[in-house]
$ cat model.txt   # compact mmCIF, C-alpha atoms
# COMPACT_ATOMS: atom_id res chain seq x y z
CA MET A 3 32.46 14.17 -16.12
CA PRO A 4 35.91 14.83 -17.65
CA ILE A 5 36.50 17.81 -15.33
CA PHE A 6 36.57 15.43 -12.36
CA ASN A 7 39.17 12.98 -13.69
CA ASP A 8 42.37 14.72 -12.53
CA THR A 9 43.70 12.03 -10.22
CA LYS A 10 46.91 13.95 -9.55
CA VAL A 11 44.84 16.64 -7.81
CA ALA A 12 42.48 14.14 -6.20
CA PHE A 13 45.19 12.02 -4.55
CA ALA A 14 47.94 14.58 -4.02
CA ASP A 15 48.05 13.80 -0.27
CA LYS A 16 48.07 10.01 -0.64
CA THR A 17 51.16 7.82 -0.75
CA ASP A 18 51.42 4.84 -3.10
CA ALA A 19 50.98 2.52 -0.12
CA GLN A 20 47.79 4.32 0.97
CA LEU A 21 46.36 4.12 -2.53
CA ARG A 22 47.13 0.41 -2.81
CA LYS A 23 45.45 -0.24 0.55
CA ALA A 24 42.38 1.77 -0.52
CA TYR A 25 42.27 -0.16 -3.81
CA TRP A 26 42.33 -3.49 -1.99
CA MET A 27 39.59 -2.37 0.38
CA PHE A 28 37.24 -1.05 -2.31
CA LYS A 29 37.89 -4.29 -4.22
CA MET A 30 36.56 -6.23 -1.23
CA ILE A 31 33.56 -3.90 -0.84
CA GLU A 32 32.76 -4.41 -4.52
CA GLN A 33 31.59 -7.99 -3.78
CA PRO A 34 28.05 -7.83 -2.29
CA ALA A 35 28.13 -11.35 -0.84
CA LEU A 36 31.53 -10.79 0.73
CA THR A 37 30.45 -7.41 2.11
CA SER A 38 27.28 -8.88 3.62
CA LEU A 39 29.13 -11.75 5.29
CA GLY A 40 32.05 -9.57 6.32
CA THR A 41 29.93 -6.89 7.97
CA SER A 42 28.03 -9.49 10.01
CA VAL A 43 31.25 -11.11 11.21
CA LEU A 44 32.81 -7.69 11.82
CA ASN A 45 29.97 -6.45 14.00
CA PHE A 46 30.05 -9.65 16.06
CA THR A 47 33.81 -9.83 16.59
CA VAL A 48 34.31 -6.15 17.42
CA HIS A 49 31.27 -6.09 19.71
CA ASN A 50 32.72 -9.05 21.58
CA ASN A 51 36.12 -7.39 22.02
CA PHE A 52 38.38 -9.36 19.72
CA PRO A 53 41.40 -7.01 19.95
CA PHE A 54 43.11 -8.47 16.86
CA VAL A 55 40.04 -7.75 14.70
CA THR A 56 39.69 -4.26 16.18
CA GLY A 57 43.29 -3.57 15.15
CA ILE A 58 42.62 -4.73 11.60
CA VAL A 59 39.49 -2.57 11.36
CA LYS A 60 41.37 0.49 12.61
CA ASN A 61 44.04 0.06 9.94
CA THR A 62 41.61 -0.53 7.06
CA LEU A 63 37.96 0.63 7.01
CA PHE A 64 38.42 3.00 9.94
CA GLU A 65 41.52 4.63 8.46
CA GLN A 66 39.78 5.07 5.09
CA PHE A 67 36.50 6.54 6.33
CA CYS A 68 37.22 8.10 9.76
CA GLY A 69 39.40 10.89 11.11
CA GLY A 70 40.32 9.21 14.40
CA GLU A 71 38.92 7.97 17.68
CA THR A 72 38.77 11.48 19.19
CA ARG A 73 38.44 15.04 17.93
CA GLU A 74 42.02 15.74 18.91
CA GLU A 75 43.28 12.71 17.00
CA SER A 76 41.17 13.75 14.00
CA MET A 77 42.69 17.24 13.85
CA LYS A 78 45.61 15.90 11.83
CA VAL A 79 43.15 15.11 9.02
CA VAL A 80 41.27 18.41 9.54
CA LYS A 81 44.47 20.44 9.13
CA GLN A 82 45.57 18.42 6.09
CA LEU A 83 42.23 18.95 4.38
CA PHE A 84 42.11 22.65 5.20
CA LYS A 85 45.55 23.22 3.68
CA ARG A 86 43.84 22.35 0.42
CA GLY A 87 40.77 24.48 1.04
CA VAL A 88 38.48 21.69 2.26
CA GLY A 89 36.49 22.01 5.48
CA SER A 90 35.73 19.17 7.88
CA ILE A 91 32.41 18.34 9.54
CA PHE A 92 32.93 16.28 12.67
CA ASP A 93 30.44 13.41 12.65
CA TYR A 94 30.28 11.66 16.01
CA SER A 95 29.27 8.33 14.50
CA ILE A 96 27.77 6.43 17.41
CA GLU A 97 24.73 4.49 16.20
CA GLY A 98 22.23 1.97 17.48
CA LYS A 99 21.87 3.05 21.13
CA GLU A 100 18.54 4.13 22.63
CA ASP A 101 18.96 4.98 26.31
CA GLU A 102 18.62 8.38 27.94
CA GLU A 103 22.15 8.25 29.32
CA THR A 104 23.57 7.84 25.82
CA PHE A 105 21.32 10.60 24.40
CA ASP A 106 22.60 13.00 27.07
CA ALA A 107 26.20 11.91 26.51
CA VAL A 108 25.95 12.43 22.74
CA CYS A 109 24.30 15.83 23.24
CA LYS A 110 27.21 16.82 25.49
CA GLU A 111 29.66 15.59 22.85
CA ILE A 112 27.95 17.66 20.13
CA LYS A 113 28.09 20.76 22.34
CA ASP A 114 31.77 20.04 22.98
CA ILE A 115 32.31 19.92 19.21
CA VAL A 116 30.69 23.35 18.93
CA ARG A 117 33.02 24.82 21.57
CA PHE A 118 36.01 22.98 20.07
CA SER A 119 35.30 24.48 16.62
CA VAL A 120 34.67 28.10 17.63
CA GLY A 121 36.87 30.43 15.63
CA ASN A 122 38.16 27.62 13.40
CA PRO A 123 37.10 28.08 9.74
CA ALA A 124 38.35 24.55 9.02
CA ILE A 125 35.21 23.25 10.79
CA PRO A 126 32.34 25.16 9.08
CA PHE A 127 29.41 22.99 10.24
CA ILE A 128 28.23 21.01 13.25
CA VAL A 129 26.06 17.94 12.59
CA PHE A 130 23.95 15.45 14.50
CA LYS A 131 21.29 12.79 13.83
CA PRO A 132 17.83 13.18 15.37
CA THR A 133 18.01 9.63 16.74
CA ALA A 134 21.19 10.57 18.57
CA PHE A 135 18.90 12.63 20.83
CA GLY A 136 15.83 10.38 21.10
CA ARG A 137 14.18 7.09 20.22
CA ILE A 138 12.99 6.58 16.65
CA ASP A 139 9.66 5.17 17.90
CA LEU A 140 9.05 8.38 19.83
CA TYR A 141 9.72 10.52 16.75
CA GLU A 142 7.27 8.33 14.83
CA ALA A 143 4.56 8.70 17.48
CA VAL A 144 4.97 12.48 17.63
CA GLY A 145 4.97 12.75 13.83
CA LYS A 146 1.72 10.80 13.61
CA GLY A 147 0.09 12.99 16.24
CA ALA A 148 -0.44 10.00 18.53
CA GLU A 149 -1.62 10.62 22.07
CA LEU A 150 1.46 10.43 24.27
CA THR A 151 1.61 9.11 27.81
CA THR A 152 2.92 11.38 30.56
CA SER A 153 6.31 9.67 30.45
CA GLN A 154 6.46 9.96 26.65
CA LYS A 155 5.66 13.67 26.87
CA GLU A 156 8.50 14.12 29.34
CA GLU A 157 10.77 12.09 27.08
CA TRP A 158 9.88 14.26 24.06
CA GLU A 159 10.53 17.40 26.10
CA ARG A 160 14.06 16.08 26.70
CA VAL A 161 14.52 15.55 22.95
CA VAL A 162 13.38 19.13 22.26
CA ARG A 163 15.68 20.40 25.01
CA ARG A 164 18.70 18.64 23.46
CA PHE A 165 17.90 20.13 20.04
CA ASP A 166 17.47 23.56 21.55
CA GLU A 167 20.65 23.46 23.62
CA VAL A 168 22.76 22.58 20.58
CA CYS A 169 21.07 25.10 18.28
CA ALA A 170 21.27 27.86 20.91
CA LEU A 171 24.97 27.22 21.43
CA CYS A 172 25.57 27.30 17.66
CA HIS A 173 23.63 30.56 17.39
CA GLU A 174 25.62 32.05 20.25
CA ASN A 175 28.92 31.08 18.62
CA ASP A 176 27.93 31.72 14.98
CA LYS A 177 28.34 28.08 13.93
CA LYS A 178 26.08 26.43 11.37
CA VAL A 179 24.43 23.16 12.48
CA MET A 180 22.98 20.51 10.17
CA VAL A 181 20.40 17.97 11.33
CA ASP A 182 20.70 14.74 9.35
CA ALA A 183 17.66 13.03 7.81
CA GLU A 184 16.71 9.48 8.65
CA GLU A 185 13.86 7.04 7.93
CA THR A 186 10.61 8.46 6.51
CA TRP A 187 8.46 7.22 9.37
CA MET A 188 10.26 9.45 11.87
CA GLN A 189 11.02 12.40 9.60
CA ASP A 190 7.80 14.43 9.98
CA SER A 191 8.50 15.22 13.63
CA ALA A 192 12.19 15.89 12.90
CA ASP A 193 11.19 18.31 10.12
CA GLN A 194 8.80 20.10 12.46
CA LEU A 195 11.45 20.36 15.16
CA CYS A 196 13.95 21.74 12.66
CA GLU A 197 11.42 24.34 11.52
CA GLU A 198 10.88 25.42 15.13
CA MET A 199 14.63 25.78 15.60
CA MET A 200 14.96 27.74 12.34
CA GLU A 201 12.19 30.12 13.36
CA LYS A 202 13.97 30.69 16.67
CA TYR A 203 17.60 30.88 15.52
CA ASN A 204 17.53 31.83 11.79
CA PRO A 205 15.96 35.32 11.75
CA GLU A 206 19.19 36.91 10.50
CA LYS A 207 20.93 34.05 8.64
CA PRO A 208 20.79 30.26 8.37
CA ILE A 209 22.26 28.78 11.55
CA VAL A 210 20.04 25.66 11.67
CA TRP A 211 19.97 23.47 8.52
CA ASN A 212 17.65 20.53 7.85
CA THR A 213 18.39 17.62 5.50
CA ILE A 214 16.20 16.84 2.50
CA GLN A 215 16.42 13.38 0.90
CA MET A 216 15.53 13.75 -2.77
CA TYR A 217 15.15 10.04 -3.46
CA ARG A 218 11.91 10.44 -1.52
CA THR A 219 8.62 11.47 -3.08
CA GLY A 220 7.03 14.72 -1.94
CA ARG A 221 10.22 16.47 -0.85
CA LEU A 222 10.09 19.23 -3.45
CA GLU A 223 6.54 19.98 -2.39
CA TYR A 224 7.68 20.08 1.23
CA MET A 225 10.41 22.61 0.41
CA GLU A 226 7.98 24.83 -1.49
CA ALA A 227 5.50 24.83 1.39
CA HIS A 228 8.29 25.37 3.92
CA LEU A 229 9.59 28.36 1.99
CA GLN A 230 6.14 29.94 2.21
CA ARG A 231 6.10 29.41 5.99
CA ALA A 232 9.59 30.85 6.32
CA ARG A 233 8.60 33.96 4.36
CA GLU A 234 5.52 34.44 6.52
CA LYS A 235 7.53 34.08 9.75
CA ASN A 236 10.57 35.91 8.34
CA TYR A 237 13.46 33.50 8.86
CA PHE A 238 16.13 31.98 6.64
CA ILE A 239 16.33 28.34 5.54
CA GLY A 240 19.39 26.11 5.41
CA TYR A 241 19.11 22.75 3.64
CA LYS A 242 21.47 19.88 3.14
CA ILE A 243 20.30 18.33 -0.15
CA VAL A 244 21.12 14.63 -0.57
CA ARG A 245 19.74 11.72 -2.51
CA GLY A 246 19.31 9.34 0.43
CA ALA A 247 20.55 6.17 2.04
CA TYR A 248 17.70 3.94 3.24
CA MET A 249 16.12 2.73 0.00
CA GLU A 250 16.01 -1.03 0.60
CA LYS A 251 14.77 -0.62 4.18
CA GLU A 252 12.11 1.90 3.13
CA ARG A 253 10.73 -0.24 0.30
CA ALA A 254 10.66 -3.39 2.42
CA ARG A 255 8.78 -1.65 5.23
CA ALA A 256 6.27 -0.06 2.85
CA ALA A 257 5.53 -3.47 1.29
CA GLU A 258 5.27 -5.15 4.69
CA LYS A 259 2.92 -2.55 6.17
CA GLY A 260 0.95 -1.91 2.98
CA TYR A 261 1.49 1.81 2.45
CA ALA A 262 2.70 3.67 -0.65
CA ASP A 263 6.40 3.33 -1.39
CA PRO A 264 7.92 6.69 -0.31
CA ILE A 265 10.94 6.27 -2.61
CA GLN A 266 11.19 7.47 -6.20
CA PRO A 267 10.43 4.59 -8.62
CA THR A 268 13.77 4.68 -10.47
CA LYS A 269 17.31 5.98 -10.18
CA GLU A 270 16.50 8.36 -13.05
CA ALA A 271 13.52 9.74 -11.14
CA SER A 272 15.72 10.32 -8.08
CA ASP A 273 18.28 12.13 -10.21
CA LYS A 274 15.56 14.27 -11.79
CA ASN A 275 14.20 15.13 -8.34
CA TYR A 276 17.68 16.02 -7.08
CA ASN A 277 18.16 18.34 -10.05
CA ALA A 278 14.78 19.92 -9.29
CA GLY A 279 16.07 20.52 -5.76
CA ILE A 280 19.10 22.30 -7.22
CA ASP A 281 16.78 24.53 -9.28
CA PHE A 282 14.62 25.27 -6.24
CA VAL A 283 17.61 26.47 -4.23
CA MET A 284 19.10 28.48 -7.08
CA ASN A 285 15.77 30.25 -7.64
CA HIS A 286 15.39 31.24 -3.97
CA LEU A 287 18.87 32.21 -2.78
CA ASP A 288 17.39 35.28 -1.12
CA LYS A 289 15.94 32.95 1.55
CA VAL A 290 17.53 29.52 1.05
CA SER A 291 21.12 28.33 1.40
CA ALA A 292 22.17 24.79 0.54
CA PHE A 293 24.85 22.24 1.26
CA PHE A 294 24.74 19.84 -1.69
CA GLY A 295 25.87 16.48 -0.40
CA THR A 296 26.64 14.45 -3.50
CA HIS A 297 29.14 11.99 -4.92
CA ASN A 298 27.60 12.42 -8.35
CA GLU A 299 29.80 14.18 -10.91
CA ILE A 300 26.88 15.21 -13.13
CA SER A 301 25.00 16.84 -10.23
CA SER A 302 28.15 18.61 -9.08
CA GLU A 303 28.79 20.02 -12.53
CA LEU A 304 25.14 21.04 -12.87
CA ILE A 305 25.35 23.07 -9.65
CA MET A 306 28.50 24.75 -10.93
CA ASP A 307 26.80 25.56 -14.25
CA LYS A 308 23.73 27.01 -12.47
CA MET A 309 25.99 29.19 -10.34
CA LYS A 310 27.81 30.45 -13.41
CA ALA A 311 24.52 31.14 -15.21
CA LYS A 312 23.46 33.32 -12.27
CA SER A 313 26.87 35.07 -12.20
CA LEU A 314 27.58 33.78 -8.69
CA GLU A 315 31.18 33.70 -7.54
CA ASN A 316 32.53 30.21 -6.90
CA GLY A 317 32.78 30.86 -3.17
CA ASN A 318 29.23 32.20 -2.80
CA PRO A 319 28.30 31.82 0.91
CA HIS A 320 24.85 30.36 0.10
CA VAL A 321 26.21 27.31 -1.76
CA TYR A 322 28.30 24.49 -0.30
CA PHE A 323 29.34 21.12 -1.67
CA GLY A 324 30.06 18.07 0.45
CA GLN A 325 31.33 14.51 0.25
CA LEU A 326 32.18 11.82 2.76
CA TYR A 327 35.75 11.44 3.93
CA GLY A 328 37.45 8.60 2.09
CA MET A 329 35.29 8.89 -1.03
CA SER A 330 35.01 11.03 -4.19
CA ASP A 331 38.26 12.90 -3.65
CA ASN A 332 38.21 13.62 -7.40
CA ILE A 333 35.15 15.83 -6.84
CA THR A 334 36.17 17.36 -3.51
CA PHE A 335 39.62 18.54 -4.48
CA TYR A 336 38.64 19.75 -7.93
CA LEU A 337 36.02 21.96 -6.30
CA SER A 338 38.39 23.26 -3.64
CA ASP A 339 41.04 23.90 -6.29
CA LYS A 340 38.52 26.13 -8.11
CA GLY A 341 37.55 28.05 -4.98
CA TYR A 342 34.14 26.52 -4.23
CA ASN A 343 32.94 25.98 -0.66
CA VAL A 344 33.45 22.27 -0.03
CA ALA A 345 33.67 20.11 3.09
CA LYS A 346 34.09 16.48 4.01
CA TYR A 347 31.96 14.66 6.57
CA LEU A 348 34.61 13.38 8.98
CA PRO A 349 33.35 10.59 11.25
CA TYR A 350 35.16 9.87 14.50
CA GLY A 351 34.68 7.82 17.66
CA PRO A 352 35.96 4.64 19.34
CA VAL A 353 36.48 1.88 16.78
CA LYS A 354 34.02 -0.44 18.51
CA ASP A 355 31.26 2.19 18.52
CA VAL A 356 31.87 3.32 14.94
CA VAL A 357 31.70 -0.17 13.39
CA PRO A 358 27.91 0.07 12.69
CA TYR A 359 28.62 3.26 10.70
CA LEU A 360 31.53 1.62 8.86
CA THR A 361 29.57 -1.47 7.91
CA ARG A 362 26.67 0.70 6.70
CA ARG A 363 29.15 2.69 4.62
CA ALA A 364 30.48 -0.53 3.07
CA GLN A 365 26.96 -1.78 2.28
CA GLU A 366 25.95 1.57 0.75
CA ASN A 367 29.04 1.52 -1.46
CA THR A 368 28.04 -1.92 -2.67
CA SER A 369 24.44 -0.90 -3.41
CA VAL A 370 25.10 2.44 -5.13
CA ALA A 371 25.54 1.66 -8.80
CA GLY A 372 29.00 2.51 -10.06
CA GLN A 373 30.30 4.11 -6.85
CA THR A 374 32.87 1.46 -5.91
CA GLY A 375 33.91 0.87 -9.51
CA ARG A 376 34.51 4.59 -9.94
CA GLU A 377 36.72 4.72 -6.84
CA LEU A 378 38.69 1.70 -8.07
CA GLY A 379 39.11 3.18 -11.55
CA LEU A 380 40.42 6.49 -10.21
CA ILE A 381 42.89 4.84 -7.83
CA LYS A 382 44.14 2.53 -10.57
CA LYS A 383 44.56 5.47 -12.95
CA GLU A 384 46.62 7.41 -10.41
CA LEU A 385 48.87 4.46 -9.56
CA GLU A 386 49.52 3.93 -13.28
CA ARG A 387 50.22 7.65 -13.75
CA ARG A 388 52.76 7.60 -10.94
CA LYS A 389 54.40 4.44 -12.28
CA LYS A 390 54.94 6.06 -15.68
CA GLN A 391 56.59 9.09 -14.05
CA LYS A 392 59.14 7.04 -12.14
$ encode --input "model.txt" --output "structure tokens"
Amino acid sequence: MPIFNDTKVAFADKTDAQLRKAYWMFKMIEQPALTSLGTSVLNFTVHNNFPFVTGIVKNTLFEQFCGGETREESMKVVKQLFKRGVGSIFDYSIEGKEDEETFDAVCKEIKDIVRFSVGNPAIPFIVFKPTAFGRIDLYEAVGKGAELTTSQKEEWERVVRRFDEVCALCHENDKKVMVDAEETWMQDSADQLCEEMMEKYNPEKPIVWNTIQMYRTGRLEYMEAHLQRAREKNYFIGYKIVRGAYMEKERARAAEKGYADPIQPTKEASDKNYNAGIDFVMNHLDKVSAFFGTHNEISSELIMDKMKAKSLENGNPHVYFGQLYGMSDNITFYLSDKGYNVAKYLPYGPVKDVVPYLTRRAQENTSVAGQTGRELGLIKKELERRKKQK
């Protein structure tokens, strides 16, 4: 971990005032009870158009974790990051809506992002969530092989069309597109749809990338079987490899419905599985490229060590690193400083619509052991370093 403790590099773009604000905010997030109460109140007040609260959110959580309310507004952050060798991945963070009008609107927005990013190396990936294009219950039904009604079949055809339109546009403009992973009960159909898109658009290189959550059981086996299918059909695979973000929800649902817990039994087992995912990618770089989404210093260093052991250059085009905007700058900027491919997920959207994402981010920070404390420790260290230099 010592290689990731250079706070001067990590926070070179931050003023003292910005660091103090971030410290205060992470200090609040550190308290689970306060976070739980605060997120409930926040969702209610913003949803009901309390302008004063919206203003506070924009100047705190939103400023820390989002690029802006629009792509254009977010470009200031994109340019600042790219000056330091860090790419940006626009994440249109509208969550919790399930009507066809919204699905079409989000699909249009994603396609606009593609066109907006053409020719701009500062935006190396496009990304979307499967449930931004269709209802989670529909994905579940399709994944289970349930008999669909005529209207459900038509609805699924619209989901497939949205996937295809985005992937085709990315293929046409040579832009990589990642499909995020979500809850296990909808993931089988999303995986299948991603495979269909890969077969169609990845014959020459990985344009379409699926997301693999390694805190799940059975994911390594899925990747091994998928690689066999990809070799048989002669296309390339792109994976975003992450640990995962739905643990409490997954375990509660499994207990309630009486099926096997799909999550690794311990944090150590998840870490071991993630490392096995690293090995899998490194052993199959002829067919597989990976974007390693991680805020874990040990995993990041392990990937670097594996690359070195295979005599891969730091900027090898088959290996990317990624972190969320507003977090783990100590990892991001160390990697960029050493010439690795690294990008930040950069959420954007109207404050009111992005609040569900922001509150989820706050809750995840609270539940991930050591994450918030690490952020606080790094910020404190940098403020003390600067104070000594004055």
$ residues_around --input "model.txt" --residues "A:Arg388" --least-positions-apart "4" --cutoff "12 Å" --atoms "only C-alpha atoms" --output "PyMOL selection string"
chain A and resi 9-10+13-14+16-18+21+381-384+392
$ closest_atom_pairs --input "model.txt" --of "stretch 284-333 of chain A" --to "stretch 205-216 of chain A" --cutoff "9 Å" --atoms "all atoms listed in the file" --output "JSON lines"
{"residue": "A:Lys289", "atom": "CA", "partner": "A:Lys207", "partner_atom": "CA", "distance": 8.7}
{"residue": "A:Val290", "atom": "CA", "partner": "A:Pro208", "partner_atom": "CA", "distance": 8.0}
{"residue": "A:Ser291", "atom": "CA", "partner": "A:Pro208", "partner_atom": "CA", "distance": 7.2}
{"residue": "A:Ala292", "atom": "CA", "partner": "A:Trp211", "partner_atom": "CA", "distance": 8.4}
{"residue": "A:Phe293", "atom": "CA", "partner": "A:Trp211", "partner_atom": "CA", "distance": 8.8}
$ residues_around --input "model.txt" --residues "stretch 69-86 of chain A" --least-positions-apart "2" --cutoff "7 Å" --atoms "all atoms listed in the file" --output "PyMOL selection string"
chain A and resi 88-90+124+338+348-353
$ closest_atom_pairs --input "model.txt" --of "stretch 223-256 of chain A" --to "stretch 186-202 of chain A" --cutoff "9 Å" --atoms "only C-alpha atoms" --output "JSON lines"
{"residue": "A:His228", "atom": "CA", "partner": "A:Glu197", "partner_atom": "CA", "distance": 8.3}
{"residue": "A:Ala232", "atom": "CA", "partner": "A:Glu201", "partner_atom": "CA", "distance": 7.5}
{"residue": "A:Lys235", "atom": "CA", "partner": "A:Glu201", "partner_atom": "CA", "distance": 7.1}
{"residue": "A:Asn236", "atom": "CA", "partner": "A:Glu201", "partner_atom": "CA", "distance": 7.8}
{"residue": "A:Tyr237", "atom": "CA", "partner": "A:Glu201", "partner_atom": "CA", "distance": 5.8}
{"residue": "A:Phe238", "atom": "CA", "partner": "A:Met200", "partner_atom": "CA", "distance": 7.2}
{"residue": "A:Ile239", "atom": "CA", "partner": "A:Met200", "partner_atom": "CA", "distance": 7.0}
{"residue": "A:Gly240", "atom": "CA", "partner": "A:Met200", "partner_atom": "CA", "distance": 8.4}
{"residue": "A:Glu252", "atom": "CA", "partner": "A:Thr186", "partner_atom": "CA", "distance": 7.5}
$ closest_residue --input "model.txt" --among "A:Gln66, A:Gly136, A:Phe127, A:Phe92" --to "A:Met180" --atoms "all atoms listed in the file"
A:Phe127
$ residues_near_point --input "model.txt" --point "(32.4, 23.7, 4.3)" --cutoff "6 Å" --atoms "all atoms listed in the file" --output "VMD selection string"
chain A and resid 89 126 343 to 345
$ atom_distance --input "model.txt" --atom1 "atom CA of A:Gly324" --atom2 "atom CA of A:Phe67"
14.5 Å
$ residues_around --input "model.txt" --residues "A:Gln325" --least-positions-apart "6" --cutoff "9 Å" --atoms "only C-alpha atoms" --output "PyMOL selection string"
chain A and resi 294-297+331+333-334+344-347
$ closest_residue --input "model.txt" --among "A:Ile112, A:Leu385, A:Arg164, A:Asn277" --to "A:Arg22" --atoms "all atoms listed in the file"
A:Leu385
$ closest_residue --input "model.txt" --among "A:Ser153, A:Thr268, A:Ser313, A:Asn204" --to "A:Tyr217" --atoms "only C-alpha atoms"
A:Thr268
$ atom_distance --input "model.txt" --atom1 "atom CA of A:Ala12" --atom2 "atom CA of A:Asp182"
26.8 Å
$ atom_distance --input "model.txt" --atom1 "atom CA of A:Phe335" --atom2 "atom CA of A:Val11"
6.5 Å
$ closest_residue --input "model.txt" --among "A:Val321, A:Asn298, A:Ile128, A:Ile305" --to "A:Arg376" --atoms "all atoms listed in the file"
A:Asn298
$ axis_aligned_box --input "model.txt" --around "stretch 22-27 of chain A" --padding-each-side "4 Å" --output "JSON"
{"center_x": 43.4, "center_y": -0.9, "center_z": -1.6, "size_x": 15.5, "size_y": 13.3, "size_z": 12.4}
